[in-house]
Amino acid sequence: MKANDRFRESSAVFDFKPEIQFFPDGTRTAVDAAKAVGCELGQIVKSLVFVSDEAPVLILVSGSNRVNENQVKKLLSAKTLAIATPEIVKTATGFSIGGTPPFGHPQQILTIMDSDLNTYDQVWAAAGTPNSCFPISPNKLCEITNATVAGISESL
């Protein structure tokens with residue numbers, strides 16, 4: 001089954017039907033996605049997997065920001081925090097880097113959402129592949145992912 005189909009199918013569990021859109025030029029990076037979608041860079045949701053004290057953590061950060069690792073460590077009371085390898089991302093989420101959606105993973109992952117995403121009515125996130133995105137409100141995103149919303153980022 002294709003990654004987009006797996007994502008669409010897994011979204012049904014949350015009673016959510018993503019309006020997946022495909023972009024031939026790709027949406028692998030936040031800049032690429034914002035250009036393809038035609039939105040502000042900050043409206044792009046970067047789904048980044050980190051490893052905190054040996055457990056995966058999914059951080060949903062605004063496309064115009066970068067993760068402040070010290071703030072995340074403090075929030076989690078963690079000793080260590082490092083960006084996950086591509087293999088860990090695939091194992092934890094079932095998806096590859098560049099197309100990792102914020103939900104629809106084989107198991108629930110501890111999720112933290114950048115509070116800056118709440119400044120928008122609609123944001124765009126990856127839908128399983130590096131050429132697809134879907135729109136969602138930050139409130140619905142937070143609800144589906146059961147995320148902790150926190151100020152864990154800084155401007156690029």
# chains A, B, ... in the order shown; residues from 1 in each chain; ligands from 1
>>> residues_around(residues="A:Asp25", least_positions_apart="2", cutoff="8 Å", atoms="only C-alpha atoms", output="VMD selection string")
chain A and resid 23 27 32 36 131
>>> select_by_dssp(residues="chain A", states="alpha helix (DSSP H)", output="PDB file with C-alpha atoms, in the first residue's frame")
ATOM      1  CA  ALA A   3       2.305   5.860   1.868  1.00  0.00           C
ATOM      2  CA  ASN A   4      -0.493   8.328   1.000  1.00  0.00           C
ATOM      3  CA  ASP A   5      -3.058   5.538   1.121  1.00  0.00           C
ATOM      4  CA  ARG A   6      -1.729   4.314   4.472  1.00  0.00           C
ATOM      5  CA  PHE A   7      -1.964   7.850   5.835  1.00  0.00           C
ATOM      6  CA  ARG A   8      -5.490   8.342   4.483  1.00  0.00           C
ATOM      7  CA  GLU A   9      -6.596   5.005   5.942  1.00  0.00           C
ATOM      8  CA  SER A  10      -5.040   5.688   9.344  1.00  0.00           C
ATOM      9  CA  SER A  11      -6.716   9.125   9.464  1.00  0.00           C
ATOM     10  CA  ALA A  30       9.248  23.604   4.401  1.00  0.00           C
ATOM     11  CA  VAL A  31      10.338  26.181   1.808  1.00  0.00           C
ATOM     12  CA  ASP A  32       9.377  23.827  -1.057  1.00  0.00           C
ATOM     13  CA  ALA A  33       6.026  23.087   0.587  1.00  0.00           C
ATOM     14  CA  ALA A  34       5.169  26.759   1.189  1.00  0.00           C
ATOM     15  CA  LYS A  35       5.965  27.588  -2.453  1.00  0.00           C
ATOM     16  CA  ALA A  36       3.931  24.643  -3.746  1.00  0.00           C
ATOM     17  CA  VAL A  37       0.928  25.302  -1.505  1.00  0.00           C
ATOM     18  CA  GLU A  69      16.506  21.605  21.885  1.00  0.00           C
ATOM     19  CA  ASN A  70      17.246  23.017  25.337  1.00  0.00           C
ATOM     20  CA  GLN A  71      13.613  24.098  25.764  1.00  0.00           C
ATOM     21  CA  VAL A  72      12.416  20.640  24.696  1.00  0.00           C
ATOM     22  CA  LYS A  73      14.810  18.921  27.100  1.00  0.00           C
ATOM     23  CA  LYS A  74      13.578  21.164  29.907  1.00  0.00           C
ATOM     24  CA  LEU A  75       9.919  20.488  29.017  1.00  0.00           C
ATOM     25  CA  LEU A  76      10.513  16.726  29.001  1.00  0.00           C
ATOM     26  CA  PRO A  86      16.253   8.121   9.068  1.00  0.00           C
ATOM     27  CA  GLU A  87      15.960   4.505  10.254  1.00  0.00           C
ATOM     28  CA  ILE A  88      14.486   5.529  13.619  1.00  0.00           C
ATOM     29  CA  VAL A  89      12.048   7.899  11.896  1.00  0.00           C
ATOM     30  CA  LYS A  90      10.848   5.073   9.621  1.00  0.00           C
ATOM     31  CA  THR A  91      10.536   2.610  12.511  1.00  0.00           C
ATOM     32  CA  ALA A  92       8.742   5.040  14.827  1.00  0.00           C
ATOM     33  CA  THR A  93       6.356   6.576  12.290  1.00  0.00           C
ATOM     34  CA  PRO A 138      -4.016  23.845  14.470  1.00  0.00           C
ATOM     35  CA  ASN A 139      -6.775  22.945  16.960  1.00  0.00           C
ATOM     36  CA  LYS A 140      -7.670  19.768  15.045  1.00  0.00           C
ATOM     37  CA  LEU A 141      -3.975  18.933  14.649  1.00  0.00           C
ATOM     38  CA  CYS A 142      -3.460  19.257  18.396  1.00  0.00           C
ATOM     39  CA  GLU A 143      -6.565  17.195  19.132  1.00  0.00           C
ATOM     40  CA  ILE A 144      -5.656  14.325  16.788  1.00  0.00           C
ATOM     41  CA  THR A 145      -2.007  14.151  17.861  1.00  0.00           C
TER      42      THR A 145
END
>>> atom_distance(atom1="atom CA of A:Val123", atom2="atom CA of A:Gln43")
4.5 Å
>>> residues_around(residues="stretch 61-68 of chain A", least_positions_apart="5", cutoff="10 Å", atoms="only C-alpha atoms", output="ChimeraX atom specification")
/A:29-31,33-34,40-48,73,112-118,123-125,151-156
>>> write_last_selection(atoms="N, CA and C atoms", output="tab-separated table (two decimals), in the first residue's frame")
chain	number	residue	atom	x	y	z
A	29	THR	N	10.96	20.00	1.66
A	29	THR	CA	11.37	20.97	2.69
A	29	THR	C	10.21	21.93	2.96
A	30	ALA	N	10.29	22.63	4.06
A	30	ALA	CA	9.25	23.60	4.40
A	30	ALA	C	9.17	24.70	3.34
A	31	VAL	N	10.31	25.14	2.84
A	31	VAL	CA	10.34	26.18	1.81
A	31	VAL	C	9.67	25.66	0.53
A	33	ALA	N	7.46	23.28	0.31
A	33	ALA	CA	6.03	23.09	0.59
A	33	ALA	C	5.27	24.41	0.55
A	34	ALA	N	5.84	25.45	1.17
A	34	ALA	CA	5.17	26.76	1.19
A	34	ALA	C	5.01	27.31	-0.23
A	40	GLU	N	2.21	31.01	3.69
A	40	GLU	CA	3.37	31.51	4.42
A	40	GLU	C	4.22	30.33	4.91
A	41	LEU	N	5.50	30.54	5.01
A	41	LEU	CA	6.41	29.50	5.49
A	41	LEU	C	5.99	29.01	6.87
A	42	GLY	N	5.53	29.93	7.73
A	42	GLY	CA	5.13	29.56	9.08
A	42	GLY	C	3.94	28.63	9.16
A	43	GLN	N	3.16	28.52	8.06
A	43	GLN	CA	1.99	27.65	8.03
A	43	GLN	C	2.33	26.20	7.72
A	44	ILE	N	3.57	25.94	7.39
A	44	ILE	CA	4.01	24.57	7.12
A	44	ILE	C	4.38	23.90	8.44
A	45	VAL	N	3.85	22.70	8.64
A	45	VAL	CA	4.15	21.91	9.84
A	45	VAL	C	5.31	20.98	9.51
A	46	LYS	N	6.44	21.18	10.18
A	46	LYS	CA	7.56	20.25	10.04
A	46	LYS	C	7.36	19.18	11.11
A	47	SER	N	7.22	17.92	10.69
A	47	SER	CA	7.08	16.79	11.61
A	47	SER	C	8.47	16.20	11.80
A	48	LEU	N	9.10	16.53	12.92
A	48	LEU	CA	10.48	16.12	13.18
A	48	LEU	C	10.53	15.12	14.32
A	73	LYS	N	14.24	19.73	26.01
A	73	LYS	CA	14.81	18.92	27.10
A	73	LYS	C	14.24	19.34	28.45
A	112	ILE	N	4.92	17.01	20.71
A	112	ILE	CA	4.96	18.40	21.18
A	112	ILE	C	4.71	19.28	19.97
A	113	MET	N	3.81	20.25	20.12
A	113	MET	CA	3.47	21.15	19.02
A	113	MET	C	3.93	22.57	19.35
A	114	ASP	N	4.63	23.16	18.40
A	114	ASP	CA	5.10	24.54	18.48
A	114	ASP	C	3.90	25.48	18.63
A	115	SER	N	3.89	26.27	19.68
A	115	SER	CA	2.77	27.19	19.93
A	115	SER	C	2.59	28.21	18.80
A	116	ASP	N	3.64	28.49	18.03
A	116	ASP	CA	3.53	29.43	16.93
A	116	ASP	C	2.56	28.96	15.84
A	117	LEU	N	2.31	27.66	15.74
A	117	LEU	CA	1.36	27.15	14.75
A	117	LEU	C	-0.05	27.65	15.04
A	118	ASN	N	-0.33	27.96	16.31
A	118	ASN	CA	-1.67	28.44	16.69
A	118	ASN	C	-1.96	29.86	16.22
A	123	VAL	N	-3.00	25.28	8.77
A	123	VAL	CA	-1.60	24.92	8.52
A	123	VAL	C	-1.59	23.74	7.54
A	124	TRP	N	-0.42	23.45	7.01
A	124	TRP	CA	-0.26	22.37	6.03
A	124	TRP	C	0.79	21.40	6.53
A	125	ALA	N	0.49	20.10	6.45
A	125	ALA	CA	1.41	19.08	6.91
A	125	ALA	C	1.61	18.01	5.83
A	151	GLY	N	6.08	26.58	23.79
A	151	GLY	CA	7.03	27.44	23.11
A	151	GLY	C	8.38	26.76	23.08
A	152	ILE	N	8.59	25.93	22.07
A	152	ILE	CA	9.81	25.11	22.00
A	152	ILE	C	10.64	25.42	20.75
A	153	SER	N	10.42	26.62	20.20
A	153	SER	CA	11.13	26.94	18.96
A	153	SER	C	11.69	28.34	19.01
A	154	GLU	N	12.49	28.64	17.98
A	154	GLU	CA	13.01	29.98	17.79
A	154	GLU	C	13.03	30.24	16.28
A	155	SER	N	12.94	31.50	15.90
A	155	SER	CA	12.92	31.86	14.48
A	155	SER	C	14.21	31.46	13.81
A	156	LEU	N	14.09	31.08	12.55
A	156	LEU	CA	15.29	30.71	11.76
A	156	LEU	C	16.13	31.93	11.47
>>> select_by_dssp(residues="stretch 2-122 of chain A", states="strand (DSSP E or B)", output="ChimeraX atom specification")
/A:21-22,44-52,55-62,65-67,81-83,110-114
>>> closest_residue(among="A:Pro101, A:Gln107, A:Lys2, A:Leu60", to="A:Thr148", atoms="only C-alpha atoms")
A:Leu60
